[in-house]
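> So here's protein05.pdb, just PDB, C-alpha atoms:
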MODEL        1
ATOM      1  CA  MET C   1      -9.532-155.844   9.756
ATOM      2  CA  GLY C   2     -11.455-152.699  10.571
ATOM      3  CA  ASP C   3     -11.512-149.045   9.706
ATOM      4  CA  THR C   4      -8.828-146.460  10.318
ATOM      5  CA  THR C   5     -10.387-143.032  10.120
ATOM      6  CA  GLY C   6      -8.840-139.592  10.443
ATOM      7  CA  GLU C   7      -7.241-138.577  13.706
ATOM      8  CA  PRO C   8      -9.664-136.689  15.993
ATOM      9  CA  ASP C   9      -9.081-132.987  16.571
ATOM     10  CA  PHE C  10      -8.624-133.404  20.321
ATOM     11  CA  VAL C  11      -5.228-135.152  20.053
ATOM     12  CA  GLU C  12      -2.631-132.868  21.615
ATOM     13  CA  GLY C  13       0.772-132.136  20.160
ATOM     14  CA  SER C  14       2.377-133.146  23.469
ATOM     15  CA  ALA C  15       1.163-136.738  23.155
ATOM     16  CA  PRO C  16       3.782-139.496  23.426
ATOM     17  CA  ASP C  17       5.815-140.132  20.295
ATOM     18  CA  ALA C  18       4.359-143.232  18.619
ATOM     19  CA  THR C  19       7.704-144.770  17.679
ATOM     20  CA  SER C  20       9.158-144.207  21.151
ATOM     21  CA  PHE C  21       5.956-145.561  22.686
ATOM     22  CA  ALA C  22       6.300-148.743  20.633
ATOM     23  CA  ASP C  23       9.973-149.021  21.595
ATOM     24  CA  LEU C  24       8.757-149.615  25.160
ATOM     25  CA  ASP C  25       6.451-152.502  24.221
ATOM     26  CA  GLU C  26       8.634-155.394  25.304
ATOM     27  CA  LEU C  27       9.905-153.737  28.462
ATOM     28  CA  ILE C  28       6.763-151.991  29.718
ATOM     29  CA  TRP C  29       3.508-152.101  27.783
ATOM     30  CA  ASN C  30       3.398-155.827  26.982
ATOM     31  CA  PRO C  31       4.025-157.015  30.588
ATOM     32  CA  ILE C  32       1.520-154.501  31.975
ATOM     33  CA  SER C  33      -1.069-155.484  29.378
ATOM     34  CA  THR C  34      -0.482-159.194  29.988
ATOM     35  CA  ALA C  35      -1.256-158.678  33.675
ATOM     36  CA  ALA C  36      -4.355-156.630  32.849
ATOM     37  CA  VAL C  37      -5.715-159.082  30.273
ATOM     38  CA  ALA C  38      -5.132-162.018  32.614
ATOM     39  CA  ARG C  39      -7.385-160.360  35.179
ATOM     40  CA  ALA C  40     -10.003-159.189  32.682
ATOM     41  CA  HIS C  41     -10.116-162.788  31.415
ATOM     42  CA  PRO C  42     -11.478-162.415  27.863
ATOM     43  CA  ARG C  43     -13.219-165.612  26.780
ATOM     44  CA  PHE C  44     -13.768-167.440  23.531
ATOM     45  CA  ASP C  45     -16.426-165.835  21.305
ATOM     46  CA  GLU C  46     -16.777-162.713  23.490
ATOM     47  CA  LEU C  47     -17.281-159.177  22.192
ATOM     48  CA  VAL C  48     -14.674-156.811  23.629
ATOM     49  CA  LEU C  49     -14.038-153.069  23.558
ATOM     50  CA  ASP C  50     -10.381-152.201  24.122
ATOM     51  CA  ALA C  51     -10.449-148.460  24.819
ATOM     52  CA  CYS C  52      -7.243-146.407  24.509
ATOM     53  CA  ALA C  53      -5.740-149.389  22.719
ATOM     54  CA  ARG C  54      -2.537-147.550  21.732
ATOM     55  CA  ASP C  55      -0.388-149.909  19.643
ATOM     56  CA  GLY C  56      -2.334-153.031  20.530
ATOM     57  CA  ALA C  57      -0.449-154.336  23.580
ATOM     58  CA  SER C  58      -3.725-155.420  25.216
ATOM     59  CA  ALA C  59      -5.921-155.714  22.111
ATOM     60  CA  LEU C  60      -3.772-158.285  20.313
ATOM     61  CA  PRO C  61      -3.638-160.893  23.114
ATOM     62  CA  THR C  62      -7.334-160.271  23.749
ATOM     63  CA  ALA C  63      -8.118-160.986  20.098
ATOM     64  CA  GLU C  64      -6.197-164.247  20.330
ATOM     65  CA  LEU C  65      -8.224-165.286  23.377
ATOM     66  CA  VAL C  66     -11.670-164.503  21.938
ATOM     67  CA  GLY C  67     -10.813-166.348  18.729
ATOM     68  CA  VAL C  68     -12.338-165.930  15.301
ATOM     69  CA  GLY C  69     -15.820-166.325  16.768
ATOM     70  CA  GLY C  70     -15.320-163.236  18.900
ATOM     71  CA  LEU C  71     -14.679-159.580  18.149
ATOM     72  CA  VAL C  72     -12.351-156.928  19.554
ATOM     73  CA  ASP C  73     -12.935-153.264  18.763
ATOM     74  CA  ALA C  74      -9.617-151.544  19.517
ATOM     75  CA  VAL C  75     -10.117-147.774  19.754
ATOM     76  CA  ASP C  76      -7.477-145.085  20.123
ATOM     77  CA  ALA C  77      -7.136-141.405  19.271
ATOM     78  CA  SER C  78      -3.708-141.790  17.651
ATOM     79  CA  ALA C  79      -3.643-142.809  13.996
ATOM     80  CA  GLU C  80       0.085-143.507  14.286
ATOM     81  CA  LEU C  81      -0.349-145.947  17.161
ATOM     82  CA  ILE C  82      -3.293-147.678  15.501
ATOM     83  CA  GLU C  83      -1.159-148.140  12.389
ATOM     84  CA  ILE C  84       1.546-149.792  14.500
ATOM     85  CA  ALA C  85      -1.116-152.095  15.957
ATOM     86  CA  ARG C  86      -2.217-152.936  12.424
ATOM     87  CA  GLU C  87       1.353-153.834  11.473
ATOM     88  CA  ARG C  88       1.731-155.994  14.583
ATOM     89  CA  ALA C  89      -1.483-157.876  13.892
ATOM     90  CA  GLY C  90      -0.946-158.421  10.169
ATOM     91  CA  GLU C  91      -3.701-160.455   8.552
ATOM     92  CA  ARG C  92      -3.857-163.187  11.179
ATOM     93  CA  MET C  93      -6.659-161.673  13.292
ATOM     94  CA  PRO C  94      -9.866-161.004  11.349
ATOM     95  CA  GLN C  95     -11.608-160.670  14.717
ATOM     96  CA  LEU C  96      -9.581-157.525  15.529
ATOM     97  CA  ARG C  97     -11.046-154.241  14.282
ATOM     98  CA  LEU C  98      -8.921-151.110  14.653
ATOM     99  CA  HIS C  99     -10.457-147.641  14.934
ATOM    100  CA  VAL C 100      -9.032-144.126  15.239
ATOM    101  CA  ALA C 101     -11.629-142.481  17.454
ATOM    102  CA  ASP C 102     -12.269-140.891  20.839
ATOM    103  CA  PRO C 103     -13.055-143.698  23.329
ATOM    104  CA  THR C 104     -15.120-141.286  25.438
ATOM    105  CA  THR C 105     -17.624-140.862  22.593
ATOM    106  CA  TRP C 106     -17.566-144.410  21.183
ATOM    107  CA  GLU C 107     -21.202-145.325  20.549
ATOM    108  CA  THR C 108     -21.354-149.116  20.188
ATOM    109  CA  THR C 109     -22.719-150.976  23.221
ATOM    110  CA  GLY C 110     -23.383-154.562  24.281
ATOM    111  CA  TYR C 111     -19.804-155.709  24.911
ATOM    112  CA  ASP C 112     -19.122-158.706  27.136
ATOM    113  CA  LEU C 113     -15.920-156.978  28.267
ATOM    114  CA  VAL C 114     -14.780-153.363  28.199
ATOM    115  CA  GLN C 115     -11.133-152.815  29.116
ATOM    116  CA  CYS C 116      -8.866-149.793  29.279
ATOM    117  CA  VAL C 117      -5.172-150.141  30.123
ATOM    118  CA  LEU C 118      -3.493-146.918  31.304
ATOM    119  CA  GLY C 119      -5.788-144.706  29.281
ATOM    120  CA  VAL C 120      -8.362-143.083  31.539
ATOM    121  CA  SER C 121      -5.925-140.495  32.917
ATOM    122  CA  SER C 122      -6.111-138.739  29.527
ATOM    123  CA  PHE C 123      -9.892-138.262  29.711
ATOM    124  CA  PRO C 124     -10.927-134.581  29.973
ATOM    125  CA  ASP C 125     -13.613-135.574  32.491
ATOM    126  CA  LEU C 126     -12.468-138.688  34.328
ATOM    127  CA  ASP C 127     -15.779-139.704  35.897
ATOM    128  CA  ALA C 128     -17.828-139.018  32.778
ATOM    129  CA  GLY C 129     -15.327-140.801  30.539
ATOM    130  CA  VAL C 130     -15.191-143.948  32.640
ATOM    131  CA  GLN C 131     -18.964-143.898  33.110
ATOM    132  CA  HIS C 132     -19.276-143.839  29.324
ATOM    133  CA  LEU C 133     -17.037-146.915  29.074
ATOM    134  CA  ILE C 134     -19.092-148.726  31.703
ATOM    135  CA  GLU C 135     -22.223-148.052  29.674
ATOM    136  CA  ARG C 136     -20.629-149.724  26.618
ATOM    137  CA  ALA C 137     -20.762-153.071  28.475
ATOM    138  CA  ARG C 138     -23.896-155.163  28.321
ATOM    139  CA  PRO C 139     -25.819-155.701  31.573
ATOM    140  CA  GLY C 140     -23.814-158.349  33.388
ATOM    141  CA  GLY C 141     -20.727-157.568  31.311
ATOM    142  CA  ARG C 142     -17.283-156.956  32.806
ATOM    143  CA  VAL C 143     -15.319-153.717  32.945
ATOM    144  CA  ALA C 144     -11.560-153.769  33.584
ATOM    145  CA  ILE C 145      -9.618-150.583  34.313
ATOM    146  CA  THR C 146      -5.839-150.336  34.771
ATOM    147  CA  VAL C 147      -4.187-147.168  36.118
ATOM    148  CA  TRP C 148      -0.745-146.245  37.372
ATOM    149  CA  ALA C 149      -0.219-146.678  41.089
ATOM    150  CA  HIS C 150       0.787-143.743  43.263
ATOM    151  CA  GLY C 151       4.465-143.052  42.681
ATOM    152  CA  ALA C 152       4.672-144.723  39.282
ATOM    153  CA  LEU C 153       7.534-143.427  37.110
ATOM    154  CA  GLU C 154       8.944-141.518  40.078
ATOM    155  CA  PRO C 155      11.332-139.786  40.298
ATOM    156  CA  LEU C 156      11.443-139.165  36.535
ATOM    157  CA  PRO C 157       8.863-136.302  36.484
ATOM    158  CA  GLU C 158      10.705-134.500  39.284
ATOM    159  CA  VAL C 159      14.071-134.948  37.560
ATOM    160  CA  LEU C 160      12.714-133.687  34.238
ATOM    161  CA  THR C 161      11.213-130.649  35.966
ATOM    162  CA  ALA C 162      14.557-129.921  37.641
ATOM    163  CA  VAL C 163      16.362-129.592  34.306
ATOM    164  CA  LEU C 164      13.705-127.553  32.486
ATOM    165  CA  PRO C 165      14.745-123.990  33.481
ATOM    166  CA  ASP C 166      18.348-124.354  32.280
ATOM    167  CA  ALA C 167      17.300-126.330  29.206
ATOM    168  CA  GLY C 168      15.356-123.411  27.818
ATOM    169  CA  ALA C 169      12.196-125.361  27.082
ATOM    170  CA  ASP C 170       9.124-123.213  26.632
ATOM    171  CA  VAL C 171       6.954-125.051  29.127
ATOM    172  CA  GLU C 172       5.761-124.547  32.668
ATOM    173  CA  SER C 173       7.321-126.890  35.211
ATOM    174  CA  ASP C 174       3.900-128.036  36.425
ATOM    175  CA  ALA C 175       3.295-129.596  32.993
ATOM    176  CA  VAL C 176       5.563-132.430  34.104
ATOM    177  CA  HIS C 177       3.804-134.636  36.589
ATOM    178  CA  ALA C 178       3.500-138.219  37.673
ATOM    179  CA  PRO C 179       0.928-140.136  35.614
ATOM    180  CA  GLU C 180      -1.123-141.527  38.487
ATOM    181  CA  LEU C 181      -4.571-140.179  39.274
ATOM    182  CA  ASP C 182      -4.478-138.133  42.480
ATOM    183  CA  GLU C 183      -7.660-139.612  43.928
ATOM    184  CA  LEU C 184      -6.711-143.237  43.237
ATOM    185  CA  HIS C 185      -3.812-143.979  45.556
ATOM    186  CA  THR C 186      -4.479-147.652  46.245
ATOM    187  CA  ALA C 187      -6.311-150.673  44.909
ATOM    188  CA  GLY C 188      -8.956-149.990  47.550
ATOM    189  CA  THR C 189      -9.624-146.444  46.400
ATOM    190  CA  LEU C 190      -9.790-147.609  42.774
ATOM    191  CA  ALA C 191     -12.355-150.271  43.682
ATOM    192  CA  HIS C 192     -14.356-147.801  45.762
ATOM    193  CA  TRP C 193     -14.398-145.257  42.926
ATOM    194  CA  LEU C 194     -15.562-147.776  40.323
ATOM    195  CA  THR C 195     -18.250-149.028  42.692
ATOM    196  CA  GLY C 196     -19.459-145.444  43.011
ATOM    197  CA  LEU C 197     -19.729-145.287  39.225
ATOM    198  CA  GLY C 198     -22.082-148.264  39.258
ATOM    199  CA  LEU C 199     -19.998-151.427  38.980
ATOM    200  CA  VAL C 200     -20.624-154.330  41.332
ATOM    201  CA  GLY C 201     -18.306-157.017  42.663
ATOM    202  CA  VAL C 202     -15.218-154.939  41.955
ATOM    203  CA  ARG C 203     -11.888-156.651  42.634
ATOM    204  CA  ALA C 204      -8.722-154.574  42.545
ATOM    205  CA  GLU C 205      -5.071-155.219  43.215
ATOM    206  CA  ALA C 206      -1.657-153.642  42.842
ATOM    207  CA  VAL C 207       0.766-155.344  40.466
ATOM    208  CA  GLN C 208       4.282-154.465  41.561
ATOM    209  CA  ARG C 209       7.019-153.957  38.980
ATOM    210  CA  HIS C 210      10.332-152.118  38.838
ATOM    211  CA  VAL C 211      12.680-151.762  35.874
ATOM    212  CA  ASP C 212      16.403-151.029  35.904
ATOM    213  CA  LEU C 213      17.282-147.875  34.016
ATOM    214  CA  THR C 214      19.814-147.420  31.258
ATOM    215  CA  ASP C 215      20.325-144.070  29.545
ATOM    216  CA  GLU C 216      18.355-145.310  26.543
ATOM    217  CA  ILE C 217      15.427-146.545  28.629
ATOM    218  CA  ALA C 218      15.359-143.406  30.767
ATOM    219  CA  TRP C 219      15.122-141.116  27.738
ATOM    220  CA  THR C 220      12.644-143.315  25.859
ATOM    221  CA  LEU C 221      10.399-143.125  28.915
ATOM    222  CA  VAL C 222      10.297-139.359  28.415
ATOM    223  CA  LEU C 223       9.564-139.522  24.686
ATOM    224  CA  GLY C 224       7.186-142.501  24.805
ATOM    225  CA  THR C 225       4.983-141.578  27.785
ATOM    226  CA  ASP C 226       2.996-138.558  28.943
ATOM    227  CA  LEU C 227       6.250-137.129  30.295
ATOM    228  CA  ARG C 228       6.811-135.844  26.763
ATOM    229  CA  ALA C 229       4.542-132.928  27.674
ATOM    230  CA  GLY C 230       7.513-131.616  29.655
ATOM    231  CA  LEU C 231       9.441-130.996  26.455
ATOM    232  CA  GLY C 232       6.888-128.407  25.427
ATOM    233  CA  ASP C 233       7.831-126.592  22.223
ATOM    234  CA  LEU C 234      11.435-127.715  22.304
ATOM    235  CA  GLU C 235      12.635-127.910  18.699
ATOM    236  CA  GLY C 236      15.781-128.922  16.866
ATOM    237  CA  ASP C 237      18.174-131.797  17.332
ATOM    238  CA  GLU C 238      20.638-129.682  19.292
ATOM    239  CA  ALA C 239      18.051-128.480  21.810
ATOM    240  CA  VAL C 240      16.675-131.984  22.310
ATOM    241  CA  ALA C 241      20.174-133.407  22.704
ATOM    242  CA  GLU C 242      20.975-130.762  25.321
ATOM    243  CA  MET C 243      17.797-131.589  27.236
ATOM    244  CA  ARG C 244      18.620-135.298  27.098
ATOM    245  CA  GLU C 245      22.129-134.674  28.417
ATOM    246  CA  ARG C 246      20.903-132.541  31.321
ATOM    247  CA  TYR C 247      18.226-135.081  32.203
ATOM    248  CA  LEU C 248      20.588-138.058  32.184
ATOM    249  CA  ARG C 249      23.205-136.108  34.121
ATOM    250  CA  GLU C 250      20.646-135.274  36.805
ATOM    251  CA  LEU C 251      19.551-138.919  37.031
ATOM    252  CA  ALA C 252      23.190-139.931  37.546
ATOM    253  CA  HIS C 253      23.705-137.195  40.124
ATOM    254  CA  ARG C 254      20.710-138.449  42.113
ATOM    255  CA  GLU C 255      21.866-142.049  41.649
ATOM    256  CA  VAL C 256      18.534-143.074  40.140
ATOM    257  CA  THR C 257      18.996-146.603  38.826
ATOM    258  CA  SER C 258      15.443-147.964  38.599
ATOM    259  CA  VAL C 259      11.875-146.819  38.054
ATOM    260  CA  ASP C 260       8.614-147.924  39.653
ATOM    261  CA  LEU C 261       6.089-149.272  37.134
ATOM    262  CA  THR C 262       3.467-150.510  39.596
ATOM    263  CA  THR C 263      -0.102-150.533  38.310
ATOM    264  CA  LEU C 264      -3.554-150.904  39.856
ATOM    265  CA  ILE C 265      -5.930-153.258  38.056
ATOM    266  CA  ALA C 266      -9.644-153.447  38.832
ATOM    267  CA  VAL C 267     -12.359-155.645  37.343
ATOM    268  CA  GLY C 268     -16.066-155.238  38.068
ATOM    269  CA  GLN C 269     -19.403-156.063  36.528
ATOM    270  CA  ARG C 270     -22.160-153.905  35.160
ATOM    271  CA  PRO C 271     -25.307-154.832  37.087
ATOM    272  CA  GLU C 272     -27.856-157.080  35.451
ATOM    273  CA  GLU C 273     -31.061-155.342  34.414
ATOM    274  CA  SER C 274     -33.932-155.702  36.846
ATOM    275  CA  ALA C 275     -36.691-158.028  35.741
TER     276      ALA C 275
ENDMDL
END
Could you rewrite the structure in this file as structure tokens?

Amino acid sequence: MGDTTGEPDFVEGSAPDATSFADLDELIWNPISTAAVARAHPRFDELVLDACARDGASALPTAELVGVGGLVDAVDASAELIEIARERAGERMPQLRLHVADPTTWETTGYDLVQCVLGVSSFPDLDAGVQHLIERARPGGRVAITVWAHGALEPLPEVLTAVLPDAGADVESDAVHAPELDELHTAGTLAHWLTGLGLVGVRAEAVQRHVDLTDEIAWTLVLGTDLRAGLGDLEGDEAVAEMRERYLRELAHREVTSVDLTTLIAVGQRPEESA
């Protein structure tokens, strides 16, 4: 079912915890990926690149849709997350190939569909990384990009920042930030940006979603998303437990009971080659 190679050197230690990430599948990643895949519309027998595949939330349903006559290359930098995807898929999807690799340097081209769900914000060079993904699609192929909307996960980054000084974490407060891309505030700006990178016929929309918070969900959102960078070099069960307590206490003080999980989803086409 595909190769799993060594984890690339660029993976940072502050990346989301794989187990905590997977714990959010049913509540967050699966619904978001379902919405993204529905708009990307993978078809029977198509060749698909699923970049930043994480634990397979978008790659698995895509593999089911393309069928055994198709192919899905699911690429992610995290060996731990790819292994979880492998466990989820089992042996029932020979058309799904799993790879531990950097999506921004993935070489294979000619895909009918290239999709990336909530992954491009991690690219060192956003424009160059997304341009590289666009070039993986065949002429006339589709490219589908999903990003967080402005305000997603708020106010969790602000709350986590507020408890950092007293928690003793060795990390700058500006390491904790909302996961949206500053220049992509709306579906319109996302579509405009992708058009500027060469896609045509781009359609984009906001998919609204809010989730009620429990203490468990609120803390798992820290461990299983990019908010984990805010924990810095925090070590030891006692230190982590203290941070958790301060964070949850601050959420209760501010009467935060839900979190915004709105995403922006855009689908465009790579232009056909001129005759």
> Given the choices C:Gly268, C:Gly56, C:Pro42, C:Gly224, which gets closest to Asp112 of chain C if the distance is worked out from all atoms listed in the file?
C:Pro42
> Could you work out an axis-aligned box for segment 14-33 of chain C, taking every atom the file lists and adding 6 Å on each side, and report centre and edge lengths in Å to one decimal, as AutoDock Vina command-line options?

--center_x 4.5 --center_y -145.1 --center_z 24.8 --size_x 23.0 --size_y 35.9 --size_z 26.3
> On this file, the PyMOL selection byres ((chain C and resi 61) around 12) gives some set of residues; write that set as a PyMOL selection string.
chain C and resi 30-31+33-38+40-43+48+50+53+55-60+62-67+72+74+85+88-89+93+95-96
> So, with only C-alpha atoms as the atoms that count, which of C:Leu126, C:Val202, C:Ile32, C:Ala149 lies closest to Arg270 of chain C?
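Result for the nearest residue to Arg270 of chain C: C:Val202.
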> Using the chain letters and numbers from the file, give me the residues hit by the PyMOL selection byres ((chain C and resi 183-189) around 10), as a list in words.
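So the PyMOL selection byres ((chain C and resi 183-189) around 10), applied here, picks out Val147, Trp148, Ala149, His150, Gly151, Glu180, Leu181, Asp182, Leu190, Ala191, His192, Trp193, Leu194, Thr195, Val202, Arg203, Ala204, Glu205, Ala206, Val207, Thr263, Leu264, Ile265 and Ala266 of chain C.
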> Using the partial input, fill out segment 57-68 of chain C with all heavy atoms; write the result as a PDB file, in the coordinates of the input.

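Saved file out27.pdb follows:
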ATOM      1  N   ALA C  57      -1.073-153.462  22.583  1.00  0.00           N
ATOM      2  CA  ALA C  57      -0.449-154.336  23.580  1.00  0.00           C
ATOM      3  C   ALA C  57      -1.467-155.175  24.337  1.00  0.00           C
ATOM      4  O   ALA C  57      -1.183-156.316  24.712  1.00  0.00           O
ATOM      5  CB  ALA C  57       0.382-153.509  24.565  1.00  0.00           C
ATOM      6  N   SER C  58      -2.667-154.633  24.569  1.00  0.00           N
ATOM      7  CA  SER C  58      -3.725-155.420  25.216  1.00  0.00           C
ATOM      8  C   SER C  58      -4.717-155.973  24.201  1.00  0.00           C
ATOM      9  O   SER C  58      -5.279-157.053  24.402  1.00  0.00           O
ATOM     10  CB  SER C  58      -4.469-154.576  26.261  1.00  0.00           C
ATOM     11  OG  SER C  58      -4.958-153.369  25.702  1.00  0.00           O
ATOM     12  N   ALA C  59      -4.925-155.275  23.100  1.00  0.00           N
ATOM     13  CA  ALA C  59      -5.921-155.714  22.111  1.00  0.00           C
ATOM     14  C   ALA C  59      -5.506-156.988  21.390  1.00  0.00           C
ATOM     15  O   ALA C  59      -6.335-157.862  21.124  1.00  0.00           O
ATOM     16  CB  ALA C  59      -6.175-154.600  21.096  1.00  0.00           C
ATOM     17  N   LEU C  60      -4.222-157.114  21.062  1.00  0.00           N
ATOM     18  CA  LEU C  60      -3.772-158.285  20.313  1.00  0.00           C
ATOM     19  C   LEU C  60      -3.925-159.585  21.107  1.00  0.00           C
ATOM     20  O   LEU C  60      -4.507-160.556  20.603  1.00  0.00           O
ATOM     21  CB  LEU C  60      -2.335-158.110  19.830  1.00  0.00           C
ATOM     22  CG  LEU C  60      -2.186-157.473  18.439  1.00  0.00           C
ATOM     23  CD1 LEU C  60      -2.677-156.024  18.429  1.00  0.00           C
ATOM     24  CD2 LEU C  60      -0.733-157.531  17.969  1.00  0.00           C
ATOM     25  N   PRO C  61      -3.426-159.648  22.362  1.00  0.00           N
ATOM     26  CA  PRO C  61      -3.638-160.893  23.114  1.00  0.00           C
ATOM     27  C   PRO C  61      -5.111-161.156  23.403  1.00  0.00           C
ATOM     28  O   PRO C  61      -5.530-162.312  23.471  1.00  0.00           O
ATOM     29  CB  PRO C  61      -2.835-160.684  24.403  1.00  0.00           C
ATOM     30  CG  PRO C  61      -2.625-159.220  24.517  1.00  0.00           C
ATOM     31  CD  PRO C  61      -2.575-158.708  23.112  1.00  0.00           C
ATOM     32  N   THR C  62      -5.898-160.088  23.542  1.00  0.00           N
ATOM     33  CA  THR C  62      -7.334-160.271  23.749  1.00  0.00           C
ATOM     34  C   THR C  62      -7.978-160.894  22.513  1.00  0.00           C
ATOM     35  O   THR C  62      -8.809-161.802  22.622  1.00  0.00           O
ATOM     36  CB  THR C  62      -7.999-158.925  24.078  1.00  0.00           C
ATOM     37  OG1 THR C  62      -7.450-158.416  25.297  1.00  0.00           O
ATOM     38  CG2 THR C  62      -9.500-159.077  24.237  1.00  0.00           C
ATOM     39  N   ALA C  63      -7.576-160.424  21.334  1.00  0.00           N
ATOM     40  CA  ALA C  63      -8.118-160.986  20.098  1.00  0.00           C
ATOM     41  C   ALA C  63      -7.769-162.454  19.957  1.00  0.00           C
ATOM     42  O   ALA C  63      -8.582-163.261  19.475  1.00  0.00           O
ATOM     43  CB  ALA C  63      -7.600-160.191  18.895  1.00  0.00           C
ATOM     44  N   GLU C  64      -6.578-162.836  20.381  1.00  0.00           N
ATOM     45  CA  GLU C  64      -6.197-164.247  20.330  1.00  0.00           C
ATOM     46  C   GLU C  64      -7.078-165.082  21.245  1.00  0.00           C
ATOM     47  O   GLU C  64      -7.459-166.204  20.908  1.00  0.00           O
ATOM     48  CB  GLU C  64      -4.735-164.394  20.726  1.00  0.00           C
ATOM     49  CG  GLU C  64      -3.759-163.824  19.695  1.00  0.00           C
ATOM     50  CD  GLU C  64      -2.318-163.933  20.138  1.00  0.00           C
ATOM     51  OE1 GLU C  64      -2.083-164.170  21.342  1.00  0.00           O
ATOM     52  OE2 GLU C  64      -1.424-163.773  19.281  1.00  0.00           O
ATOM     53  N   LEU C  65      -7.430-164.535  22.398  1.00  0.00           N
ATOM     54  CA  LEU C  65      -8.224-165.286  23.377  1.00  0.00           C
ATOM     55  C   LEU C  65      -9.681-165.419  22.967  1.00  0.00           C
ATOM     56  O   LEU C  65     -10.301-166.450  23.224  1.00  0.00           O
ATOM     57  CB  LEU C  65      -8.111-164.621  24.751  1.00  0.00           C
ATOM     58  CG  LEU C  65      -6.747-164.763  25.429  1.00  0.00           C
ATOM     59  CD1 LEU C  65      -6.644-163.842  26.639  1.00  0.00           C
ATOM     60  CD2 LEU C  65      -6.505-166.206  25.857  1.00  0.00           C
ATOM     61  N   VAL C  66     -10.259-164.389  22.322  1.00  0.00           N
ATOM     62  CA  VAL C  66     -11.670-164.503  21.938  1.00  0.00           C
ATOM     63  C   VAL C  66     -11.833-165.356  20.680  1.00  0.00           C
ATOM     64  O   VAL C  66     -12.923-165.870  20.415  1.00  0.00           O
ATOM     65  CB  VAL C  66     -12.322-163.113  21.741  1.00  0.00           C
ATOM     66  CG1 VAL C  66     -12.193-162.275  22.990  1.00  0.00           C
ATOM     67  CG2 VAL C  66     -11.758-162.393  20.524  1.00  0.00           C
ATOM     68  N   GLY C  67     -10.759-165.497  19.914  1.00  0.00           N
ATOM     69  CA  GLY C  67     -10.813-166.348  18.729  1.00  0.00           C
ATOM     70  C   GLY C  67     -11.600-165.732  17.592  1.00  0.00           C
ATOM     71  O   GLY C  67     -12.161-164.630  17.701  1.00  0.00           O
ATOM     72  N   VAL C  68     -11.677-166.463  16.495  1.00  0.00           N
ATOM     73  CA  VAL C  68     -12.338-165.930  15.301  1.00  0.00           C
ATOM     74  C   VAL C  68     -13.844-165.820  15.474  1.00  0.00           C
ATOM     75  O   VAL C  68     -14.510-165.129  14.697  1.00  0.00           O
ATOM     76  CB  VAL C  68     -12.012-166.793  14.069  1.00  0.00           C
ATOM     77  CG1 VAL C  68     -10.533-166.715  13.727  1.00  0.00           C
ATOM     78  CG2 VAL C  68     -12.439-168.248  14.285  1.00  0.00           C
TER      79      VAL C  68
END
